[in-house]
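Structure below is protein_15.txt: compact mmCIF, C-alpha atoms (C1' of nucleotides).
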```
# COMPACT_ATOMS: atom_id res chain seq x y z
CA MET F 1 -39.50 -7.97 -21.24
CA THR F 2 -41.68 -8.57 -18.21
CA ARG F 3 -39.07 -6.87 -16.10
CA ALA F 4 -39.93 -3.45 -17.50
CA ALA F 5 -43.08 -3.51 -15.42
CA SER F 6 -41.45 -2.57 -12.15
CA ALA F 7 -43.15 -1.59 -8.92
CA THR F 8 -41.79 1.94 -9.24
CA VAL F 9 -41.82 4.11 -12.32
CA ARG F 10 -38.33 4.61 -13.71
CA ARG F 11 -37.48 7.73 -15.64
CA ASP F 12 -34.55 7.89 -18.01
CA SER F 13 -33.03 10.88 -16.23
CA ASP F 14 -33.12 8.95 -12.95
CA SER F 15 -31.26 6.14 -14.60
CA LYS F 16 -28.63 8.58 -15.84
CA ALA F 17 -28.26 10.13 -12.40
CA ARG F 18 -27.71 6.72 -10.84
CA LEU F 19 -25.24 5.73 -13.52
CA ARG F 20 -23.28 8.93 -12.91
CA LEU F 21 -23.28 8.17 -9.20
CA TRP F 22 -22.00 4.66 -9.83
CA VAL F 23 -19.18 5.90 -12.05
CA ARG F 24 -18.11 8.42 -9.42
CA LEU F 25 -18.39 5.85 -6.65
CA LEU F 26 -16.18 3.48 -8.58
CA ARG F 27 -13.59 6.14 -9.37
CA ALA F 28 -13.45 7.38 -5.79
CA THR F 29 -13.10 3.85 -4.48
CA ARG F 30 -10.33 3.04 -6.91
CA MET F 31 -8.40 6.17 -6.03
CA VAL F 32 -8.53 5.41 -2.32
CA GLU F 33 -7.62 1.80 -3.00
CA ALA F 34 -4.63 2.81 -5.10
CA GLN F 35 -3.41 5.16 -2.38
CA THR F 36 -3.76 2.64 0.41
CA ARG F 37 -2.28 -0.21 -1.62
CA GLU F 38 0.83 1.86 -2.26
CA ARG F 39 1.20 2.81 1.40
CA PHE F 40 0.67 -0.77 2.57
CA LYS F 41 3.36 -1.93 0.20
CA GLN F 42 5.84 0.80 1.03
CA GLN F 43 5.42 0.92 4.80
CA PHE F 44 4.50 -2.66 5.68
CA ASN F 45 5.24 -4.73 2.60
CA VAL F 46 1.75 -6.17 2.73
CA THR F 47 -1.08 -6.33 0.19
CA MET F 48 -4.63 -5.20 0.75
CA PRO F 49 -6.16 -8.66 0.46
CA ARG F 50 -3.81 -9.88 3.19
CA PHE F 51 -4.72 -6.91 5.36
CA ASP F 52 -8.40 -7.61 4.77
CA VAL F 53 -8.07 -11.22 5.88
CA MET F 54 -6.11 -10.19 8.95
CA ALA F 55 -8.78 -7.60 9.75
CA ALA F 56 -11.46 -10.27 9.58
CA LEU F 57 -9.45 -12.57 11.86
CA TRP F 58 -8.76 -9.74 14.28
CA ARG F 59 -12.46 -9.63 15.10
CA ALA F 60 -12.56 -13.38 15.74
CA PRO F 61 -9.96 -14.30 18.36
CA ASP F 62 -11.02 -17.94 18.27
CA GLY F 63 -10.49 -18.17 14.53
CA MET F 64 -12.65 -18.47 11.43
CA LEU F 65 -13.44 -21.10 8.86
CA MET F 66 -12.12 -20.49 5.36
CA SER F 67 -15.71 -20.23 4.17
CA GLU F 68 -16.54 -17.70 6.87
CA ILE F 69 -13.67 -15.51 5.72
CA SER F 70 -14.72 -15.62 2.10
CA ARG F 71 -18.34 -14.88 2.97
CA PHE F 72 -17.36 -11.96 5.18
CA LEU F 73 -15.02 -10.44 2.61
CA LEU F 74 -17.26 -11.09 -0.39
CA VAL F 75 -14.59 -13.02 -2.24
CA SER F 76 -14.49 -16.55 -3.57
CA ASN F 77 -13.43 -19.59 -1.60
CA GLY F 78 -10.50 -20.40 -3.83
CA ASN F 79 -9.24 -16.89 -3.44
CA VAL F 80 -8.98 -17.15 0.32
CA THR F 81 -6.99 -20.37 0.05
CA GLY F 82 -4.14 -18.61 -1.71
CA ILE F 83 -4.13 -15.54 0.52
CA VAL F 84 -4.11 -17.62 3.69
CA ASP F 85 -1.31 -19.77 2.24
CA ARG F 86 0.82 -16.64 1.91
CA LEU F 87 -0.16 -15.35 5.34
CA VAL F 88 0.95 -18.68 6.80
CA ALA F 89 4.25 -18.32 4.97
CA ASP F 90 4.53 -14.81 6.46
CA GLY F 91 3.98 -16.29 9.93
CA PHE F 92 0.93 -14.09 10.51
CA VAL F 93 -1.73 -16.81 10.74
CA VAL F 94 -2.01 -20.53 11.44
CA ARG F 95 -4.44 -23.23 10.39
CA ALA F 96 -5.78 -25.69 12.92
CA GLN F 97 -8.31 -28.49 13.11
CA ARG F 98 -11.47 -28.15 15.11
CA ASN F 99 -14.43 -30.17 16.29
CA GLY F 100 -12.86 -33.30 14.93
CA ASP F 101 -14.26 -32.30 11.53
CA ARG F 102 -11.47 -32.93 9.11
CA ARG F 103 -13.06 -30.94 6.30
CA THR F 104 -12.78 -27.66 8.09
CA SER F 105 -9.69 -25.70 8.96
CA PHE F 106 -9.82 -22.96 11.51
CA VAL F 107 -7.59 -20.00 10.78
CA ARG F 108 -6.41 -17.55 13.42
CA LEU F 109 -3.82 -14.82 13.87
CA THR F 110 -0.51 -15.64 15.51
CA ALA F 111 0.96 -13.34 18.17
CA ARG F 112 3.16 -11.93 15.47
CA GLY F 113 0.15 -11.47 13.23
CA ARG F 114 -1.75 -9.62 15.94
CA SER F 115 1.03 -7.18 16.65
CA ALA F 116 1.69 -6.61 12.95
CA PHE F 117 -2.00 -5.99 12.33
CA ALA F 118 -2.30 -3.55 15.22
CA ALA F 119 0.41 -1.38 13.69
CA MET F 120 -1.00 -1.60 10.16
CA SER F 121 -4.51 -0.93 11.32
CA ALA F 122 -3.58 2.25 13.17
CA ALA F 123 -1.68 3.56 10.15
CA HIS F 124 -4.55 2.63 7.87
CA GLU F 125 -7.07 4.55 9.94
CA GLY F 126 -4.86 7.62 9.68
CA TRP F 127 -4.52 7.33 5.90
CA ILE F 128 -8.28 7.03 5.47
CA ASP F 129 -8.84 9.96 7.81
CA ARG F 130 -6.67 12.14 5.61
CA LEU F 131 -7.90 10.75 2.29
CA LEU F 132 -11.53 11.31 3.28
CA GLY F 133 -10.72 14.55 5.03
CA GLY F 134 -13.02 16.45 2.68
CA VAL F 135 -15.99 14.72 4.25
CA THR F 136 -17.08 15.95 7.67
CA ALA F 137 -17.76 13.43 10.41
CA ARG F 138 -21.43 14.28 10.24
CA GLU F 139 -21.57 13.73 6.50
CA ALA F 140 -19.62 10.52 6.90
CA GLU F 141 -22.22 9.17 9.29
CA GLN F 142 -25.07 10.12 6.97
CA LEU F 143 -23.40 8.52 3.98
CA SER F 144 -22.59 5.39 5.96
CA ALA F 145 -26.23 5.02 6.90
CA LYS F 146 -27.27 5.43 3.28
CA LEU F 147 -24.77 2.86 2.08
CA LYS F 148 -25.79 0.43 4.77
CA ALA F 149 -29.28 0.32 3.32
CA PHE F 150 -27.79 -0.18 -0.11
CA ARG F 151 -27.82 -3.90 -0.07
CA SER F 152 -31.33 -4.87 0.97
CA ASP F 153 -33.02 -4.05 -2.32
CA TRP F 154 -31.49 -6.71 -4.48
CA GLU F 155 -30.57 -9.26 -1.87
CA SER F 156 -33.74 -11.16 -2.74
CA ASP F 157 -33.80 -10.43 -6.45
CA ALA F 158 -31.54 -13.36 -7.44
CA MET T 1 5.93 13.26 12.24
CA THR T 2 5.51 16.69 10.68
CA ARG T 3 2.33 15.48 9.04
CA ALA T 4 0.52 15.33 12.36
CA ALA T 5 0.41 19.12 12.34
CA SER T 6 -2.48 19.42 9.93
CA ALA T 7 -4.42 22.56 9.04
CA THR T 8 -7.58 21.16 10.62
CA VAL T 9 -7.94 19.59 14.04
CA ARG T 10 -8.68 15.87 13.80
CA ARG T 11 -10.68 14.13 16.46
CA ASP T 12 -10.52 10.41 17.00
CA SER T 13 -14.26 9.96 16.60
CA ASP T 14 -14.10 11.73 13.23
CA SER T 15 -11.45 9.31 12.16
CA LYS T 16 -13.67 6.39 13.15
CA ALA T 17 -16.62 7.83 11.28
CA ARG T 18 -14.53 8.21 8.13
CA LEU T 19 -13.14 4.70 8.49
CA ARG T 20 -16.66 3.32 8.81
CA LEU T 21 -17.67 5.24 5.71
CA TRP T 22 -14.73 3.81 3.81
CA VAL T 23 -15.54 0.25 4.81
CA ARG T 24 -19.14 0.69 3.69
CA LEU T 25 -18.09 2.37 0.46
CA LEU T 26 -15.78 -0.51 -0.34
CA ARG T 27 -18.38 -3.14 0.47
CA ALA T 28 -21.09 -1.44 -1.56
CA THR T 29 -18.75 -1.03 -4.51
CA ARG T 30 -17.70 -4.66 -4.38
CA MET T 31 -21.27 -5.87 -4.27
CA VAL T 32 -22.25 -3.83 -7.31
CA GLU T 33 -19.09 -4.93 -9.09
CA ALA T 34 -19.82 -8.58 -8.36
CA GLN T 35 -23.35 -8.24 -9.69
CA THR T 36 -22.33 -6.46 -12.88
CA ARG T 37 -19.38 -8.77 -13.52
CA GLU T 38 -21.66 -11.76 -13.39
CA ARG T 39 -24.21 -10.20 -15.73
CA PHE T 40 -21.52 -9.09 -18.19
CA LYS T 41 -20.16 -12.60 -18.26
CA GLN T 42 -23.53 -14.33 -18.60
CA GLN T 43 -25.19 -12.03 -21.09
CA PHE T 44 -22.29 -10.72 -23.17
CA ASN T 45 -19.33 -12.93 -22.31
CA VAL T 46 -17.25 -9.86 -21.58
CA THR T 47 -15.25 -8.77 -18.55
CA MET T 48 -15.55 -5.45 -16.78
CA PRO T 49 -12.06 -4.24 -17.68
CA ARG T 50 -12.85 -4.81 -21.34
CA PHE T 51 -16.13 -2.96 -20.97
CA ASP T 52 -14.30 -0.09 -19.26
CA VAL T 53 -11.81 0.24 -22.09
CA MET T 54 -14.58 0.14 -24.67
CA ALA T 55 -16.46 2.81 -22.70
CA ALA T 56 -13.40 5.04 -22.78
CA LEU T 57 -12.97 4.54 -26.53
CA TRP T 58 -16.68 5.17 -27.14
CA ARG T 59 -16.16 8.75 -26.00
CA ALA T 60 -13.24 9.22 -28.36
CA PRO T 61 -14.30 8.36 -31.92
CA ASP T 62 -10.87 9.29 -33.25
CA GLY T 63 -9.15 6.88 -30.90
CA MET T 64 -6.94 7.14 -27.85
CA LEU T 65 -3.32 6.51 -27.01
CA MET T 66 -2.60 3.56 -24.73
CA SER T 67 -1.34 6.01 -22.13
CA GLU T 68 -4.51 8.08 -22.39
CA ILE T 69 -6.60 5.00 -21.72
CA SER T 70 -4.59 4.04 -18.66
CA ARG T 71 -4.68 7.57 -17.27
CA PHE T 72 -8.43 7.83 -17.81
CA LEU T 73 -9.17 4.47 -16.20
CA LEU T 74 -6.68 4.85 -13.37
CA VAL T 75 -4.89 1.63 -14.21
CA SER T 76 -1.29 0.89 -15.13
CA ASN T 77 0.13 1.01 -18.62
CA GLY T 78 1.07 -2.63 -18.73
CA ASN T 79 -2.45 -3.54 -17.73
CA VAL T 80 -3.99 -1.80 -20.71
CA THR T 81 -1.67 -3.61 -23.09
CA GLY T 82 -3.13 -6.99 -22.18
CA ILE T 83 -6.74 -5.86 -22.20
CA VAL T 84 -6.38 -4.21 -25.60
CA ASP T 85 -4.65 -7.34 -26.92
CA ARG T 86 -7.73 -9.35 -26.00
CA LEU T 87 -10.12 -6.75 -27.39
CA VAL T 88 -8.20 -6.91 -30.66
CA ALA T 89 -8.55 -10.69 -30.64
CA ASP T 90 -12.28 -10.20 -30.04
CA GLY T 91 -12.44 -7.92 -33.07
CA PHE T 92 -13.78 -5.04 -30.99
CA VAL T 93 -10.87 -2.61 -31.37
CA VAL T 94 -7.91 -1.95 -33.69
CA ARG T 95 -4.50 -0.40 -33.21
CA ALA T 96 -3.19 2.12 -35.71
CA GLN T 97 -0.25 4.45 -36.15
CA ARG T 98 -0.63 8.19 -35.98
CA ASN T 99 1.34 11.39 -36.48
CA GLY T 100 4.18 9.40 -37.99
CA ASP T 101 5.31 8.70 -34.42
CA ARG T 102 6.05 5.01 -34.30
CA ARG T 103 6.19 4.91 -30.52
CA THR T 104 2.52 5.63 -30.11
CA SER T 105 -0.37 3.41 -31.00
CA PHE T 106 -3.84 4.80 -31.44
CA VAL T 107 -6.63 2.48 -30.43
CA ARG T 108 -10.20 2.80 -31.62
CA LEU T 109 -13.42 0.78 -31.69
CA THR T 110 -14.32 -1.19 -34.79
CA ALA T 111 -17.84 -1.09 -36.19
CA ARG T 112 -18.42 -4.40 -34.48
CA GLY T 113 -17.02 -3.00 -31.26
CA ARG T 114 -19.31 0.02 -31.44
CA SER T 115 -22.45 -2.01 -31.94
CA ALA T 116 -21.45 -4.50 -29.24
CA PHE T 117 -20.75 -1.68 -26.82
CA ALA T 118 -24.05 0.04 -27.53
CA ALA T 119 -25.92 -3.08 -26.49
CA MET T 120 -23.78 -3.72 -23.42
CA SER T 121 -23.96 -0.13 -22.34
CA ALA T 122 -27.74 0.02 -22.45
CA ALA T 123 -28.02 -3.17 -20.43
CA HIS T 124 -25.44 -1.90 -17.97
CA GLU T 125 -27.34 1.30 -17.34
CA GLY T 126 -30.44 -0.75 -16.57
CA TRP T 127 -28.59 -2.99 -14.12
CA ILE T 128 -27.18 -0.01 -12.27
CA ASP T 129 -30.55 1.67 -12.22
CA ARG T 130 -32.01 -1.34 -10.45
CA LEU T 131 -29.02 -2.00 -8.20
CA LEU T 132 -28.98 1.61 -7.00
CA GLY T 133 -32.76 1.81 -6.97
CA GLY T 134 -32.73 2.55 -3.25
CA VAL T 135 -31.17 5.92 -3.98
CA THR T 136 -33.47 8.59 -5.37
CA ALA T 137 -32.38 10.59 -8.38
CA ARG T 138 -32.07 13.65 -6.21
CA GLU T 139 -29.89 11.87 -3.69
CA ALA T 140 -27.82 10.42 -6.50
CA GLU T 141 -27.09 13.90 -7.80
CA GLN T 142 -26.11 15.15 -4.37
CA LEU T 143 -23.83 12.20 -3.74
CA SER T 144 -22.26 12.54 -7.18
CA ALA T 145 -21.43 16.15 -6.47
CA LYS T 146 -19.87 15.21 -3.16
CA LEU T 147 -17.78 12.47 -4.70
CA LYS T 148 -16.66 14.73 -7.51
CA ALA T 149 -14.98 17.01 -5.00
CA PHE T 150 -13.38 14.00 -3.41
CA ARG T 151 -10.21 13.98 -5.36
CA SER T 152 -8.93 17.51 -5.09
CA ASP T 153 -7.83 17.27 -1.47
CA TRP T 154 -4.96 14.89 -1.86
CA GLU T 155 -4.18 15.37 -5.52
CA SER T 156 -1.33 17.65 -4.52
CA ASP T 157 -0.23 15.81 -1.39
CA ALA T 158 1.98 13.28 -3.24
C1' DG U 1 -24.89 -50.44 7.14
C1' DC U 2 -25.43 -48.27 2.48
C1' DT U 3 -26.45 -44.80 -0.54
C1' DT U 4 -27.05 -40.10 -1.48
C1' DA U 5 -26.80 -35.58 -0.67
C1' DA U 6 -24.71 -31.66 1.47
C1' DA U 7 -20.85 -29.11 3.28
C1' DT U 8 -15.96 -27.71 3.12
C1' DA U 9 -11.78 -26.89 1.10
C1' DT U 10 -8.42 -27.08 -2.63
C1' DT U 11 -6.93 -27.15 -7.43
C1' DT U 12 -6.98 -25.44 -11.99
C1' DA U 13 -7.27 -22.36 -16.03
C1' DA U 14 -8.00 -17.91 -17.63
C1' DG U 15 -7.72 -13.35 -16.89
C1' DC U 16 -6.73 -8.93 -14.27
C1' DT U 17 -3.33 -5.93 -11.81
C1' DT U 18 0.81 -3.71 -10.38
C1' DG U 19 5.56 -1.98 -10.44
C1' DA U 20 9.86 -2.47 -12.42
C1' DA U 21 12.76 -3.42 -16.15
C1' DA U 22 13.41 -3.69 -21.02
C1' DT U 23 12.64 -1.97 -25.72
C1' DA U 24 11.87 1.27 -29.21
C1' DT U 25 11.46 5.83 -31.00
C1' DT U 26 11.84 10.72 -31.03
C1' DG U 27 13.86 15.16 -30.44
C1' DC U 28 17.29 18.10 -28.49
C1' DC U 29 22.04 19.74 -27.74
C1' DT U 30 26.49 20.41 -28.92
C1' DA Q 1 26.32 13.66 -37.00
C1' DG Q 2 26.58 11.61 -32.33
C1' DG Q 3 25.04 11.24 -27.87
C1' DC Q 4 21.50 11.45 -24.60
C1' DA Q 5 17.34 12.44 -22.22
C1' DA Q 6 12.37 12.13 -22.75
C1' DT Q 7 8.38 9.61 -24.35
C1' DA Q 8 5.48 5.47 -25.36
C1' DT Q 9 4.76 0.94 -25.04
C1' DT Q 10 5.63 -3.80 -23.96
C1' DT Q 11 7.41 -7.56 -21.18
C1' DC Q 12 7.87 -9.86 -16.89
C1' DA Q 13 7.24 -11.82 -12.25
C1' DA Q 14 4.36 -11.95 -8.45
C1' DG Q 15 0.08 -11.86 -6.72
C1' DC Q 16 -5.12 -11.40 -6.84
C1' DT Q 17 -9.63 -13.06 -8.66
C1' DT Q 18 -13.31 -15.86 -10.38
C1' DA Q 19 -15.85 -19.97 -11.85
C1' DA Q 20 -15.69 -24.65 -12.48
C1' DA Q 21 -13.98 -29.09 -11.38
C1' DT Q 22 -12.34 -32.21 -7.83
C1' DA Q 23 -11.62 -34.36 -3.49
C1' DT Q 24 -12.80 -35.24 1.13
C1' DT Q 25 -15.67 -35.64 4.92
C1' DT Q 26 -20.01 -35.48 7.26
C1' DA Q 27 -24.93 -36.07 7.83
C1' DA Q 28 -29.48 -38.06 6.51
C1' DG Q 29 -32.69 -41.36 4.82
C1' DC Q 30 -33.91 -45.74 4.57
```

Show the structure stored in the file as structure tokens.
Amino acid sequence: MTRAASATVRRDSDSKARLRLWVRLLRATRMVEAQTRERFKQQFNVTMPRFDVMAALWRAPDGMLMSEISRFLLVSNGNVTGIVDRLVADGFVVRAQRNGDRRTSFVRLTARGRSAFAAMSAAHEGWIDRLLGGVTAREAEQLSAKLKAFRSDWESDA
Amino acid sequence: MTRAASATVRRDSDSKARLRLWVRLLRATRMVEAQTRERFKQQFNVTMPRFDVMAALWRAPDGMLMSEISRFLLVSNGNVTGIVDRLVADGFVVRAQRNGDRRTSFVRLTARGRSAFAAMSAAHEGWIDRLLGGVTAREAEQLSAKLKAFRSDWESDA
DNA sequence: GCTTAAATATTTAAGCTTGAAATATTGCCT
DNA sequence: AGGCAATATTTCAAGCTTAAATATTTAAGC
């Protein structure tokens, strides 16, 4: 139980407040996810994981390694393999070799993938704007800043 | 395009701020989920969905209908069927009849399920307390309140 | 050059998730 | 009673997800 001796004093009520926050965070996230998943399916016949991969590739015109995609999206390597397989079948991305290294496979959007993503992305931004409409732009910026700092604490903690 | 005529004026920069907030919210949620999933697996050999169902049942000593569980957790009916099947196999919950209505099936925790959940739940609260340690209790309460109001906006919008 | 270790990607098994279709039961209406 | 809509759950196919195991290739040490 050496862990109980933390740098900061932890009160039980604090713990409860954080737990309540986490529960609300999770519920809010799931509601937005459910809404966007449904719209993606209905309007573009695409899943969120495929959109996420396309969004990552959009930012990297020269392409990304499979491992770069999984690191960026916080999902496992094996996961990305399947999603990219389906995106290839859709004609939205291609795999290519690079650097003469035959382990790696560079993935990038096709022309069709780029134009499809542009349309989806615009629609997506509109959905989020309406779904988070209860939050003012100013609040959104404050919350973003707070969430950005979220990670640092336990990055080192193993 | 009748939807474009909204009650409030929407600026493009606001939309970007909300989108950024959403991306950060999703990333933060996924990081906490990944951390807790791993700990649940390592320390209790349980998955998060199973923990979630047990948490719902913990609040309802008399049991819940399958449909009540799925509504509460925001997941589909068919999903709950499989999770409860596995919890039954684990010996953590039981199904029973009720009201003489043979369509419904009431699910409740077993004694073993209750004691297992008590241990998991305490550990879980500690993990969250540390993972969200960068947020003060006061901030946590403010954010919770903000997120609570989240839903109402688009509940009616279909 | 040979051996070992590291890096990269895929495969596999188990489980989660959805939406739609199928099944079973109840209660209402005539 | 018979028919039929409403309710509750399960089944199913497709896809997502992880962790672990397996290749495959590259780089490093000697």

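Shortest separation to chain Q among T:Val32, T:Val80, T:Leu21, T:Ala119 occurs at residue T:Val80, atoms counted being all atoms listed in the file.
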
Chain T contacts on chain Q, only C-alpha atoms (C1' of nucleotides), 10 Å, as a VMD selection string: chain Q and resid 7 to 11 18

Given identical sequences, can you show me chain F least-squares superposed on chain T via all its Cα atoms in order, as a short mmCIF file (atom, residue, chain, number, x, y, z; two decimals) with C-alpha atoms, in the coordinates of the input?
```
data_model
loop_
_atom_site.label_atom_id
_atom_site.label_comp_id
_atom_site.auth_asym_id
_atom_site.auth_seq_id
_atom_site.Cartn_x
_atom_site.Cartn_y
_atom_site.Cartn_z
CA MET F 1 5.80 13.18 13.27
CA THR F 2 5.51 16.62 11.72
CA ARG F 3 2.43 15.45 9.90
CA ALA F 4 0.36 15.43 13.09
CA ALA F 5 0.30 19.20 12.94
CA SER F 6 -2.40 19.47 10.32
CA ALA F 7 -4.25 22.58 9.23
CA THR F 8 -7.48 21.21 10.69
CA VAL F 9 -7.94 19.63 14.08
CA ARG F 10 -8.64 15.92 13.80
CA ARG F 11 -10.66 14.16 16.46
CA ASP F 12 -10.49 10.43 16.97
CA SER F 13 -14.24 10.01 16.55
CA ASP F 14 -14.05 11.80 13.19
CA SER F 15 -11.39 9.38 12.11
CA LYS F 16 -13.59 6.46 13.11
CA ALA F 17 -16.56 7.90 11.24
CA ARG F 18 -14.50 8.27 8.09
CA LEU F 19 -13.09 4.78 8.43
CA ARG F 20 -16.60 3.38 8.78
CA LEU F 21 -17.63 5.30 5.68
CA TRP F 22 -14.68 3.91 3.74
CA VAL F 23 -15.47 0.34 4.75
CA ARG F 24 -19.08 0.75 3.67
CA LEU F 25 -18.07 2.44 0.44
CA LEU F 26 -15.75 -0.42 -0.37
CA ARG F 27 -18.33 -3.08 0.44
CA ALA F 28 -21.04 -1.37 -1.59
CA THR F 29 -18.71 -0.96 -4.54
CA ARG F 30 -17.64 -4.57 -4.42
CA MET F 31 -21.21 -5.81 -4.29
CA VAL F 32 -22.20 -3.78 -7.33
CA GLU F 33 -19.05 -4.87 -9.12
CA ALA F 34 -19.74 -8.52 -8.39
CA GLN F 35 -23.29 -8.20 -9.69
CA THR F 36 -22.31 -6.43 -12.88
CA ARG F 37 -19.34 -8.72 -13.54
CA GLU F 38 -21.63 -11.73 -13.38
CA ARG F 39 -24.19 -10.18 -15.72
CA PHE F 40 -21.52 -9.08 -18.20
CA LYS F 41 -20.16 -12.60 -18.27
CA GLN F 42 -23.51 -14.33 -18.56
CA GLN F 43 -25.20 -12.03 -21.06
CA PHE F 44 -22.30 -10.75 -23.15
CA ASN F 45 -19.34 -12.94 -22.31
CA VAL F 46 -17.26 -9.87 -21.60
CA THR F 47 -15.24 -8.75 -18.58
CA MET F 48 -15.54 -5.43 -16.82
CA PRO F 49 -12.06 -4.23 -17.73
CA ARG F 50 -12.86 -4.83 -21.40
CA PHE F 51 -16.13 -2.96 -21.03
CA ASP F 52 -14.31 -0.10 -19.33
CA VAL F 53 -11.82 0.23 -22.17
CA MET F 54 -14.59 0.11 -24.74
CA ALA F 55 -16.47 2.79 -22.79
CA ALA F 56 -13.42 5.03 -22.86
CA LEU F 57 -13.00 4.50 -26.62
CA TRP F 58 -16.69 5.12 -27.22
CA ARG F 59 -16.19 8.72 -26.11
CA ALA F 60 -13.25 9.17 -28.49
CA PRO F 61 -14.32 8.30 -32.03
CA ASP F 62 -10.90 9.20 -33.39
CA GLY F 63 -9.15 6.83 -31.01
CA MET F 64 -6.94 7.09 -27.95
CA LEU F 65 -3.33 6.47 -27.09
CA MET F 66 -2.61 3.53 -24.81
CA SER F 67 -1.37 5.99 -22.21
CA GLU F 68 -4.53 8.07 -22.50
CA ILE F 69 -6.63 4.99 -21.79
CA SER F 70 -4.63 4.03 -18.74
CA ARG F 71 -4.71 7.57 -17.38
CA PHE F 72 -8.46 7.84 -17.91
CA LEU F 73 -9.20 4.49 -16.29
CA LEU F 74 -6.71 4.88 -13.44
CA VAL F 75 -4.93 1.66 -14.28
CA SER F 76 -1.34 0.92 -15.19
CA ASN F 77 0.10 1.06 -18.68
CA GLY F 78 1.03 -2.59 -18.78
CA ASN F 79 -2.47 -3.51 -17.80
CA VAL F 80 -4.01 -1.79 -20.79
CA THR F 81 -1.66 -3.60 -23.15
CA GLY F 82 -3.11 -6.97 -22.22
CA ILE F 83 -6.74 -5.86 -22.25
CA VAL F 84 -6.39 -4.23 -25.66
CA ASP F 85 -4.63 -7.35 -26.96
CA ARG F 86 -7.71 -9.38 -26.04
CA LEU F 87 -10.10 -6.79 -27.44
CA VAL F 88 -8.20 -6.95 -30.73
CA ALA F 89 -8.54 -10.73 -30.67
CA ASP F 90 -12.29 -10.24 -30.05
CA GLY F 91 -12.44 -7.97 -33.11
CA PHE F 92 -13.79 -5.08 -31.03
CA VAL F 93 -10.88 -2.65 -31.44
CA VAL F 94 -7.95 -2.01 -33.76
CA ARG F 95 -4.54 -0.44 -33.32
CA ALA F 96 -3.23 2.04 -35.85
CA GLN F 97 -0.26 4.34 -36.32
CA ARG F 98 -0.64 8.07 -36.19
CA ASN F 99 1.33 11.24 -36.79
CA GLY F 100 4.20 9.23 -38.12
CA ASP F 101 5.25 8.67 -34.50
CA ARG F 102 6.15 5.04 -34.30
CA ARG F 103 6.13 4.93 -30.51
CA THR F 104 2.45 5.58 -30.24
CA SER F 105 -0.42 3.36 -31.22
CA PHE F 106 -3.87 4.75 -31.60
CA VAL F 107 -6.65 2.43 -30.52
CA ARG F 108 -10.24 2.75 -31.70
CA LEU F 109 -13.45 0.73 -31.75
CA THR F 110 -14.35 -1.25 -34.85
CA ALA F 111 -17.89 -1.17 -36.25
CA ARG F 112 -18.45 -4.46 -34.52
CA GLY F 113 -17.05 -3.04 -31.31
CA ARG F 114 -19.36 -0.03 -31.48
CA SER F 115 -22.49 -2.08 -31.96
CA ALA F 116 -21.48 -4.55 -29.26
CA PHE F 117 -20.77 -1.72 -26.85
CA ALA F 118 -24.08 0.00 -27.55
CA ALA F 119 -25.94 -3.13 -26.51
CA MET F 120 -23.80 -3.74 -23.43
CA SER F 121 -23.98 -0.14 -22.36
CA ALA F 122 -27.77 -0.02 -22.47
CA ALA F 123 -28.02 -3.21 -20.43
CA HIS F 124 -25.46 -1.92 -17.98
CA GLU F 125 -27.37 1.29 -17.37
CA GLY F 126 -30.45 -0.77 -16.56
CA TRP F 127 -28.59 -3.01 -14.11
CA ILE F 128 -27.16 0.00 -12.28
CA ASP F 129 -30.57 1.65 -12.21
CA ARG F 130 -32.01 -1.36 -10.44
CA LEU F 131 -29.01 -2.00 -8.20
CA LEU F 132 -28.99 1.61 -7.01
CA GLY F 133 -32.75 1.78 -6.96
CA GLY F 134 -32.72 2.53 -3.24
CA VAL F 135 -31.18 5.90 -3.96
CA THR F 136 -33.49 8.58 -5.34
CA ALA F 137 -32.39 10.60 -8.34
CA ARG F 138 -32.09 13.65 -6.15
CA GLU F 139 -29.90 11.85 -3.64
CA ALA F 140 -27.84 10.42 -6.47
CA GLU F 141 -27.09 13.89 -7.76
CA GLN F 142 -26.12 15.13 -4.31
CA LEU F 143 -23.84 12.18 -3.70
CA SER F 144 -22.27 12.54 -7.13
CA ALA F 145 -21.43 16.15 -6.39
CA LYS F 146 -19.88 15.17 -3.08
CA LEU F 147 -17.79 12.44 -4.65
CA LYS F 148 -16.66 14.72 -7.42
CA ALA F 149 -15.01 16.97 -4.87
CA PHE F 150 -13.42 13.93 -3.29
CA ARG F 151 -10.25 14.02 -5.24
CA SER F 152 -8.98 17.57 -4.95
CA ASP F 153 -7.76 17.32 -1.37
CA TRP F 154 -4.91 14.92 -1.86
CA GLU F 155 -4.15 15.51 -5.50
CA SER F 156 -1.31 17.80 -4.44
CA ASP F 157 -0.25 15.93 -1.33
CA ALA F 158 2.11 13.52 -3.14
#
```

* To do: Kindly determine which residues of chain U lie within 12 Å of chain F, considering only C-alpha atoms (C1' of nucleotides), and give the answer as a list of chain:residue names.
  =>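 So the contacting residues turn out to be U:DA7, U:DT8, U:DA9, U:DT10, U:DT11, U:DT12, U:DT17, U:DT18, U:DG19.
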
When you get a sec, could you note down which chain F residues fall within 7 Å of chain T, using all atoms listed in the file, as a list in words?
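In the required form, that comes to Asp14, Ser15, Ala17, Arg18, Leu19, Arg20, Leu21, Arg24, Leu25, Leu26, Ala28, Thr29, Glu125, Ile128, Asp129, Leu131, Leu132, Gly134, Ala137, Ala140, Glu141, Leu143, Ser144, Leu147, Lys148, Phe150, Asp153 and Trp154 of chain F.
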
Min atom-atom distance to DT26 in chain Q from the set F:Val94, F:Asn99, F:Ile69, F:Ala123, counting all atoms listed in the file, belongs to F:Asn99
